[in-house]
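This report refers to the structure that appears directly beneath it.
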Amino acid sequence: MGQCCGKIPSDEDAKNIRDSIEGLQKQYQGDLGESAVSEYAVNELGLNAEYFDKVPHGFDGVFRNGLGKLVLVEAKLTEASGLKALGYTNHGREGSVEWVEYKASLMCDPTSSMYTPDNAKIGEEILRLGAENVSFVVVHIDPDSLQTDVTTLR
Amino acid sequence: MLSKAEILKGLDIYEQYVKKYDEEFRKRNKIPKNYEYRPYRWCSKDIVFSLLVVRHNRQGNFIEADVCLIANPPQFVENSGAKVAMGFLLSEAYKCSGSMEIVFTKNVEGGRVPAYICDLALEYGIKLNHVFEGHITPFEARQFYMELVGFSKPVKEKIMKLSVEGRLSPERACFMVIGGVWSLPEAEAIILSNTHPERVLMSLSSPDDRILYLNDILVSRSAILGGALDRKLLKPELIENGQVVESEDEETPLSIDFDPAYYAKIYQSEVELVVPWIKQNNLVIKPGQQMVVMIRARSDSEIRKFFLNDLEDLKSLVTKYKEARIENAIFFLTPRDFEDIPLVQQEQIVNLLQQQGVYIMVSPDSVSSLDKEAIRRLETGRMVRQQ
């Protein structure tokens, strides 16, 4: 980001930007990992998908277990597996209680990009239960072998 | 979050502005005035962070954004697009002599403050009071600017004190960093180590005020020498085909602190740091270790005159940092002018430093090149808004 540069674009620049935005339906590595993980969560872990609007830098997946309890799923298609794959942010490490609470509060805040009516319901539920009482699972797929492993944080 | 249709609608408006700019300015070889709409794009390689169309509204004395499309690329840190957009909007507001107020028109998410900017405000703990009216007030803008630059707490406090005393506006300090005149660690060193940092940050002295101007150059010289070391440590050297190259994207994860009592920089990294500019080629600072560097930007005659004073400071610094719980290595940084003093004296200095367990670092920059850079920066600072 430090190398980000600004300029007044030419007509051609604007055209290229449009092409790239229109091509956004193409999936990136992260999206591929997340869709594979969603399938894995439903088929292998027996979780049920919850209504949830996914946004960049938010939760990767929100599910419910057989008892109806919320399970947050973080998808990782990285070489580092398990807890090592979880990054650090200004609001704690991914998956930490602080991080989950922060994301949940954003989901409830109408000014935030993470707010939608469905997300607000989930956010409110997390804050009501306490993030420490909500399950958090990391589903990791090795990009070379495509083997999947699951780490339960809570 | 915006739907794809909303993004494409914003993009249509953006393209119209780009065409208009081409017709009215580029083809006629004219430069737009601040009060005319100008389109900008902010990218890193092929990743778009933000697309903006802005102008200075002269009646209201605020910056008006008619297009503000922001991305939050998942491969970059959270809110990176909003950081880029706000950095530009705030700097533009300062540059155009505005009140720092920012207004988003109806074309921007229906006339509200963009959601990604609200996310950034939440991250910084800034309360925006007019989100759905599409306004960011001058007070909120000032908070945003200070947070975006990332000044440390003691520096923020000193800036606010200077602001209350009417000596330096926080916006000016922020602009000098975001505008690239001073890096953040350089600005922090200037602010913390001087009783009158505003003289340098506002370029108050002209060469006619001989003594004051020379003093500003001395202050700048030390900051620039420290900044050169920061950059050397931040940019790892990669070997490609037997040649040393610098990667523009790679940056060493490094924390840089400053001890104003000794004019020393304290570096800590999560990865191994190869110490530059010393004779011991293989000296490495391990993760968890600290690298403490006392900076003395002196010419050869100044080194000879002041070294014994510097040695006393250094002894005190060694005592202070040896008592610290963190393992550390201590260095004494000097410009290349060190090599201009007689060899015998060089050896004496190195021996005295070794007795204290301190390594000498000799920068490839000379005092004259540091001074040239100091003059350039002071002149650049003179060309931008002063208040």
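Lettering and numbering for the structure tokens are positional, with chains as A, B, ... in the shown order, residues counted from 1 in each chain, and ligands counted from 1 in the shown order.
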
Residues of chain B near chain A: apply a cut-off of 6 Å, count only C-alpha atoms, and supply the list as a count of residues only. 12

When DSSP works through the backbone of this structure, what residues of region 150-330 of chain B end up as strand (DSSP E or B), shown as a PyMOL selection string? chain B and resi 237-240+243-246+254-259+264-269+273-274+284-285+290-295+328-330

Written selection (N, CA and C atoms) as an mmCIF file, in the first residue's frame:
```cif
data_model
loop_
_atom_site.group_PDB
_atom_site.id
_atom_site.type_symbol
_atom_site.label_atom_id
_atom_site.label_comp_id
_atom_site.auth_asym_id
_atom_site.auth_seq_id
_atom_site.Cartn_x
_atom_site.Cartn_y
_atom_site.Cartn_z
ATOM 1 N N GLU B 237 17.497 -5.901 0.909
ATOM 2 C CA GLU B 237 18.169 -6.055 -0.383
ATOM 3 C C GLU B 237 18.036 -7.497 -0.842
ATOM 4 N N LEU B 238 17.647 -7.669 -2.070
ATOM 5 C CA LEU B 238 17.531 -9.016 -2.621
ATOM 6 C C LEU B 238 18.646 -9.195 -3.649
ATOM 7 N N ILE B 239 19.125 -10.416 -3.751
ATOM 8 C CA ILE B 239 20.166 -10.676 -4.744
ATOM 9 C C ILE B 239 19.509 -11.318 -5.964
ATOM 10 N N GLU B 240 19.618 -10.647 -7.103
ATOM 11 C CA GLU B 240 19.081 -11.199 -8.349
ATOM 12 C C GLU B 240 20.189 -11.230 -9.381
ATOM 13 N N GLN B 243 23.295 -9.515 -8.536
ATOM 14 C CA GLN B 243 23.240 -8.064 -8.310
ATOM 15 C C GLN B 243 22.291 -7.763 -7.146
ATOM 16 N N VAL B 244 22.668 -6.754 -6.360
ATOM 17 C CA VAL B 244 21.807 -6.372 -5.241
ATOM 18 C C VAL B 244 20.703 -5.473 -5.785
ATOM 19 N N VAL B 245 19.463 -5.861 -5.538
ATOM 20 C CA VAL B 245 18.334 -5.025 -5.974
ATOM 21 C C VAL B 245 17.434 -4.758 -4.777
ATOM 22 N N GLU B 246 16.735 -3.650 -4.856
ATOM 23 C CA GLU B 246 15.777 -3.326 -3.800
ATOM 24 C C GLU B 246 14.392 -3.650 -4.320
ATOM 25 N N LEU B 254 9.220 -3.545 10.828
ATOM 26 C CA LEU B 254 10.158 -2.870 11.728
ATOM 27 C C LEU B 254 9.419 -1.844 12.571
ATOM 28 N N SER B 255 9.681 -1.855 13.872
ATOM 29 C CA SER B 255 9.126 -0.762 14.683
ATOM 30 C C SER B 255 10.265 0.219 14.960
ATOM 31 N N ILE B 256 9.953 1.509 14.815
ATOM 32 C CA ILE B 256 10.981 2.551 14.993
ATOM 33 C C ILE B 256 10.530 3.482 16.112
ATOM 34 N N ASP B 257 11.280 3.497 17.188
ATOM 35 C CA ASP B 257 10.997 4.427 18.290
ATOM 36 C C ASP B 257 12.119 5.446 18.355
ATOM 37 N N PHE B 258 11.873 6.488 19.135
ATOM 38 C CA PHE B 258 12.862 7.553 19.210
ATOM 39 C C PHE B 258 13.053 7.969 20.660
ATOM 40 N N ASP B 259 14.306 8.084 21.074
ATOM 41 C CA ASP B 259 14.603 8.542 22.432
ATOM 42 C C ASP B 259 15.175 9.955 22.332
ATOM 43 N N ALA B 264 18.435 9.191 19.869
ATOM 44 C CA ALA B 264 18.731 7.807 19.476
ATOM 45 C C ALA B 264 17.475 7.142 18.929
ATOM 46 N N LYS B 265 17.676 6.284 17.960
ATOM 47 C CA LYS B 265 16.557 5.532 17.398
ATOM 48 C C LYS B 265 16.617 4.105 17.909
ATOM 49 N N ILE B 266 15.443 3.554 18.165
ATOM 50 C CA ILE B 266 15.382 2.193 18.687
ATOM 51 C C ILE B 266 14.589 1.357 17.687
ATOM 52 N N TYR B 267 15.255 0.361 17.151
ATOM 53 C CA TYR B 267 14.630 -0.482 16.136
ATOM 54 C C TYR B 267 14.392 -1.881 16.704
ATOM 55 N N GLN B 268 13.262 -2.423 16.319
ATOM 56 C CA GLN B 268 12.961 -3.806 16.687
ATOM 57 C C GLN B 268 12.233 -4.442 15.514
ATOM 58 N N SER B 269 12.569 -5.677 15.234
ATOM 59 C CA SER B 269 11.944 -6.312 14.078
ATOM 60 C C SER B 269 11.497 -7.731 14.416
ATOM 61 N N LEU B 273 17.565 -8.780 11.351
ATOM 62 C CA LEU B 273 18.000 -7.546 10.680
ATOM 63 C C LEU B 273 19.508 -7.598 10.479
ATOM 64 N N VAL B 274 19.939 -7.455 9.259
ATOM 65 C CA VAL B 274 21.383 -7.377 9.017
ATOM 66 C C VAL B 274 21.781 -5.911 9.223
ATOM 67 N N VAL B 284 23.983 -9.449 13.037
ATOM 68 C CA VAL B 284 22.544 -9.597 12.810
ATOM 69 C C VAL B 284 21.807 -9.320 14.119
ATOM 70 N N ILE B 285 20.710 -8.557 14.009
ATOM 71 C CA ILE B 285 19.843 -8.325 15.177
ATOM 72 C C ILE B 285 18.702 -9.329 15.075
ATOM 73 N N GLN B 290 16.818 -5.483 20.481
ATOM 74 C CA GLN B 290 16.674 -4.081 20.093
ATOM 75 C C GLN B 290 17.975 -3.586 19.482
ATOM 76 N N MET B 291 17.828 -2.683 18.549
ATOM 77 C CA MET B 291 19.003 -2.037 17.972
ATOM 78 C C MET B 291 18.886 -0.558 18.350
ATOM 79 N N VAL B 292 19.797 -0.082 19.174
ATOM 80 C CA VAL B 292 19.739 1.312 19.637
ATOM 81 C C VAL B 292 20.840 2.086 18.909
ATOM 82 N N VAL B 293 20.430 3.133 18.191
ATOM 83 C CA VAL B 293 21.405 3.873 17.384
ATOM 84 C C VAL B 293 21.418 5.342 17.800
ATOM 85 N N MET B 294 22.543 5.787 18.351
ATOM 86 C CA MET B 294 22.668 7.204 18.666
ATOM 87 C C MET B 294 23.172 7.921 17.419
ATOM 88 N N ILE B 295 22.420 8.948 17.008
ATOM 89 C CA ILE B 295 22.724 9.610 15.730
ATOM 90 C C ILE B 295 23.443 10.928 15.982
ATOM 91 N N ASN B 328 19.910 -5.823 23.822
ATOM 92 C CA ASN B 328 20.077 -4.844 22.752
ATOM 93 C C ASN B 328 21.539 -4.689 22.318
ATOM 94 N N ALA B 329 21.678 -4.134 21.140
ATOM 95 C CA ALA B 329 23.009 -3.805 20.615
ATOM 96 C C ALA B 329 23.008 -2.301 20.358
ATOM 97 N N ILE B 330 24.118 -1.650 20.720
ATOM 98 C CA ILE B 330 24.141 -0.189 20.633
ATOM 99 C C ILE B 330 25.138 0.276 19.566
#
```

Lys84 (chain A) surroundings by only C-alpha atoms, 12 Å radius, close-in-sequence under 3 positions cut, as a list in words: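 Near neighbours after the sequence-gap exclusion: Lys76, Thr78, Glu79, Ala80, Ser81, Gly87, Tyr88, Arg93, Glu94, Gly95, Val138, His140 and Thr151 of chain A.
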
Any idea what's packed within 10 Å of Arg172 (chain B), counting only C-alpha atoms, ignoring anything in its chain fewer than 6 positions away? Could you give it as JSON, numbers by chain? {"B": [91, 94, 95, 178, 179, 198, 201, 202, 381, 384, 385, 386, 387]}

Taken to one decimal, the CA of Asp66 (chain B)-CA of Glu36 (chain B) distance is 11.5 Å

Nearest to Pro138 (chain B), chosen from B:Glu101, B:Glu186, B:Glu123, B:Glu109, with only C-alpha atoms counted in the distances: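 Nearest candidate to Pro138 (chain B) out of B:Glu101, B:Glu186, B:Glu123, B:Glu109: B:Glu101.
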
May I have the residues within 8 Å of Val139 (chain A) as JSON, numbers by chain, using only C-alpha atoms and disregarding those fewer than 6 positions away in the same chain? {"A": [37, 73, 74, 75, 76, 82, 148, 149, 150, 151]}

Residues of chain A in alpha helix (DSSP H) according to DSSP, as number ranges by chain? A: 11-22, 29-43, 97-108, 117-129

From the list B:Leu184, B:Val149, B:Ile326, B:Leu52, the nearest residue to Lys286 (chain B) using only C-alpha atoms is B:Ile326

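Every protein, DNA or RNA residue with an atom at most 9 Å from Val71 (chain A), where only C-alpha atoms count and chain neighbours fewer than 3 positions away do not, is listed here: Leu47, Gly61, Val62, Phe63, Arg64, Asn65, Val134, Ser135, Phe136 and Val137 of chain A.
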
Store the residues picked out above in a file with C-alpha atoms, as a PDB file, in the first residue's frame.
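Output saved as selection_38.pdb:
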```pdb
ATOM      1  CA  LEU A  47     -23.056 -27.349   9.782  1.00  0.00           C
ATOM      2  CA  GLY A  61     -18.623 -17.996   6.876  1.00  0.00           C
ATOM      3  CA  VAL A  62     -21.372 -18.085   9.471  1.00  0.00           C
ATOM      4  CA  PHE A  63     -23.035 -21.425  10.228  1.00  0.00           C
ATOM      5  CA  ARG A  64     -25.118 -23.128  12.906  1.00  0.00           C
ATOM      6  CA  ASN A  65     -24.412 -26.510  14.428  1.00  0.00           C
ATOM      7  CA  VAL A 134     -19.306 -18.423  19.998  1.00  0.00           C
ATOM      8  CA  SER A 135     -17.476 -21.274  18.281  1.00  0.00           C
ATOM      9  CA  PHE A 136     -14.686 -20.338  15.914  1.00  0.00           C
ATOM     10  CA  VAL A 137     -13.293 -22.843  13.478  1.00  0.00           C
TER      11      VAL A 137
END
```

So which one's closest to Lys103 (chain A), A:Leu77, A:Tyr51, A:Phe59, A:Ser38? Using only C-alpha atoms, please. A:Phe59

I'd like the interatomic distance between CA of Phe132 (chain B) and CA of Asn61 (chain B), to a tenth of an Å.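 Calculated distance between CA of Phe132 (chain B) and CA of Asn61 (chain B) is 20.3 Å.
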
Show me, as a PDB file with N, CA and C atoms, in the first residue's frame, the residues that have an atom within 6 Å of region 117-126 of chain A when counting only C-alpha atoms, minus same-chain residues fewer than 4 positions from it.
```pdb
ATOM      1  N   PHE A  52     -26.251 -14.567   5.639  1.00  0.00           N
ATOM      2  CA  PHE A  52     -25.116 -13.723   5.995  1.00  0.00           C
ATOM      3  C   PHE A  52     -24.569 -13.088   4.720  1.00  0.00           C
ATOM      4  N   ALA A 104     -18.351  -8.060  15.016  1.00  0.00           N
ATOM      5  CA  ALA A 104     -19.785  -8.128  15.326  1.00  0.00           C
ATOM      6  C   ALA A 104     -20.348  -6.719  15.536  1.00  0.00           C
ATOM      7  N   MET A 107     -20.897  -5.101  12.265  1.00  0.00           N
ATOM      8  CA  MET A 107     -22.068  -5.662  11.574  1.00  0.00           C
ATOM      9  C   MET A 107     -23.375  -5.036  12.078  1.00  0.00           C
ATOM     10  N   CYS A 108     -23.346  -4.539  13.309  1.00  0.00           N
ATOM     11  CA  CYS A 108     -24.551  -3.918  13.884  1.00  0.00           C
ATOM     12  C   CYS A 108     -24.611  -2.414  13.623  1.00  0.00           C
ATOM     13  N   GLY A 130     -21.786 -13.082  23.834  1.00  0.00           N
ATOM     14  CA  GLY A 130     -20.373 -12.887  24.192  1.00  0.00           C
ATOM     15  C   GLY A 130     -19.531 -13.669  23.193  1.00  0.00           C
ATOM     16  N   ALA A 131     -18.561 -12.975  22.580  1.00  0.00           N
ATOM     17  CA  ALA A 131     -17.762 -13.623  21.529  1.00  0.00           C
ATOM     18  C   ALA A 131     -17.050 -14.866  22.054  1.00  0.00           C
TER      19      ALA A 131
END
```

Measuring atom to atom with only C-alpha atoms, identify which of A:Leu127, A:Leu146, A:Leu83, A:Ala49 is nearest to Glu98 (chain A). A:Leu127

Taken to one decimal, the CA of Glu147 (chain B)-CA of Gly226 (chain B) distance is 23.0 Å
